[in-house]
file upload-v2.txt (compact mmCIF, C-alpha atoms)
# COMPACT_ATOMS: atom_id res chain seq x y z
CA MET V 20 12.25 -9.25 -3.91
CA TYR V 21 14.52 -9.28 -0.87
CA TYR V 22 13.65 -7.69 2.43
CA VAL V 23 15.73 -6.18 5.21
CA TYR V 24 13.67 -6.16 8.38
CA ILE V 25 13.75 -5.16 12.03
CA LEU V 26 11.92 -7.10 14.70
CA LYS V 27 11.38 -6.06 18.30
CA LYS V 28 10.71 -8.42 21.18
CA TYR V 29 7.27 -7.84 22.73
CA GLY V 30 7.61 -6.38 26.19
CA GLY V 31 11.33 -5.79 25.85
CA SER V 32 13.93 -3.72 24.08
CA GLU V 33 15.71 -6.50 22.18
CA ILE V 34 15.77 -5.99 18.40
CA TYR V 35 16.72 -8.33 15.58
CA ILE V 36 17.91 -7.29 12.11
CA GLY V 37 17.81 -9.71 9.20
CA TYR V 38 17.15 -10.15 5.51
CA THR V 39 15.13 -12.69 3.54
CA SER V 40 13.40 -13.34 0.25
CA ASP V 41 10.20 -14.46 2.03
CA LEU V 42 9.26 -12.03 4.79
CA LYS V 43 6.06 -13.81 5.88
CA ARG V 44 7.78 -17.19 6.24
CA ARG V 45 10.72 -15.71 8.10
CA PHE V 46 8.46 -13.80 10.50
CA LYS V 47 6.60 -17.04 11.30
CA GLU V 48 9.92 -18.79 11.94
CA HIS V 49 10.97 -16.08 14.38
CA ASN V 50 7.71 -16.44 16.29
CA ALA V 51 7.84 -20.23 16.43
CA LYS V 52 8.17 -21.99 19.79
CA GLY V 53 6.43 -19.28 21.81
CA ARG V 54 8.72 -16.42 20.90
CA SER V 55 6.96 -13.08 20.48
CA TRP V 56 8.43 -10.69 17.94
CA GLU V 57 6.82 -7.66 16.37
CA LEU V 58 7.70 -6.46 12.86
CA LEU V 59 8.73 -2.83 13.21
CA TYR V 60 10.20 -1.99 9.85
CA TYR V 61 11.23 -3.42 6.50
CA GLU V 62 12.77 -2.31 3.23
CA ALA V 63 12.39 -4.08 -0.14
CA TYR V 64 15.17 -4.60 -2.68
CA LYS V 65 15.18 -6.18 -6.11
CA VAL V 66 18.69 -7.59 -5.79
CA ARG V 67 19.93 -9.87 -2.98
CA LYS V 68 23.32 -8.15 -2.87
CA ASP V 69 21.73 -4.78 -2.06
CA ALA V 70 19.63 -6.26 0.75
CA ARG V 71 22.61 -8.09 2.23
CA MET V 72 24.75 -4.94 2.12
CA ARG V 73 22.04 -2.91 3.87
CA GLU V 74 21.62 -5.58 6.55
CA GLU V 75 25.37 -5.59 7.21
CA ARG V 76 25.45 -1.81 7.50
CA LEU V 77 22.59 -1.84 10.00
CA LYS V 78 24.22 -4.60 12.06
CA TYR V 79 27.82 -3.50 12.03
CA TYR V 80 27.83 0.28 11.66
CA GLY V 81 26.23 1.95 14.67
CA GLN V 82 25.67 5.27 12.92
CA THR V 83 23.46 3.63 10.28
CA LEU V 84 21.25 1.96 12.88
CA ARG V 85 21.06 5.15 14.97
CA GLN V 86 19.85 7.09 11.92
CA LEU V 87 17.19 4.50 11.18
CA LYS V 88 16.05 4.42 14.81
CA GLN V 89 15.69 8.19 14.67
CA ARG V 90 13.45 7.87 11.60
CA ILE V 91 11.21 5.24 13.25
CA LYS V 92 11.37 6.50 16.83
CA SER V 93 7.58 6.71 17.18
CA SER V 94 7.25 3.05 16.21
CA LEU V 95 9.88 2.09 18.76
CA ILE V 96 7.99 3.92 21.52
CA ILE V 97 4.58 2.44 20.60
CA ALA V 98 6.05 -1.05 20.45
CA LYS V 99 7.07 -0.97 24.12

call {"tool": "encode", "arguments": {"input": "upload-v2.txt", "output": "structure tokens"}}
result
Amino acid sequence: MYYVYILKKYGGSEIYIGYTSDLKRRFKEHNAKGRSWELLYYEAYKVRKDARMREERLKYYGQTLRQLKQRIKSSLIIAK
């Protein structure tokens, strides 16, 4: 499985979008060296190509990210 994920910085508004085949390992890497990220959202895909394409759309097409933020708006508010 491949995962597209969104992290949010604790106490801030910075978000990070990425994809990986090992979500637990990647989350630990993000939080290494005193960084504090919170996992807000993820999607699972069977094929790497699909995950990569979704990550690119979220990163580079503002409309796609705006639509997703609308879907998870309660999570974004709670995470603050």

call {"tool": "atom_distance", "arguments": {"input": "upload-v2.txt", "atom1": "atom CA of V:Gly37", "atom2": "atom CA of V:Lys78"}}
result
8.7 Å

call {"tool": "atom_distance", "arguments": {"input": "upload-v2.txt", "atom1": "atom CA of V:Gln89", "atom2": "atom CA of V:Leu77"}}
result
13.0 Å

call {"tool": "atom_distance", "arguments": {"input": "upload-v2.txt", "atom1": "atom CA of V:Glu57", "atom2": "atom CA of V:Leu26"}}
result
5.4 Å

call {"tool": "closest_residue", "arguments": {"input": "upload-v2.txt", "among": "V:Ser55, V:Lys68, V:Tyr22, V:Glu62", "to": "V:Lys43", "atoms": "all atoms listed in the file"}}
result
V:Tyr22

call {"tool": "residues_around", "arguments": {"input": "upload-v2.txt", "residues": "V:Tyr61", "least_positions_apart": "2", "cutoff": "7 Å", "atoms": "all atoms listed in the file", "output": "list in words"}}
result
Tyr22, Val23, Tyr24, Ile25 and Ala63 of chain V

call {"tool": "closest_residue", "arguments": {"input": "upload-v2.txt", "among": "V:His49, V:Ser32, V:Tyr60, V:Val66", "to": "V:Leu87", "atoms": "all atoms listed in the file"}}
result
V:Tyr60

call {"tool": "residues_near_point", "arguments": {"input": "upload-v2.txt", "point": "(20.4, -5.3, 6.1)", "cutoff": "7 Å", "atoms": "only C-alpha atoms", "output": "list in words"}}
result
Val23, Ile36, Gly37, Tyr38, Ala70, Arg71, Met72, Arg73, Glu74, Glu75, Arg76 and Leu77 of chain V
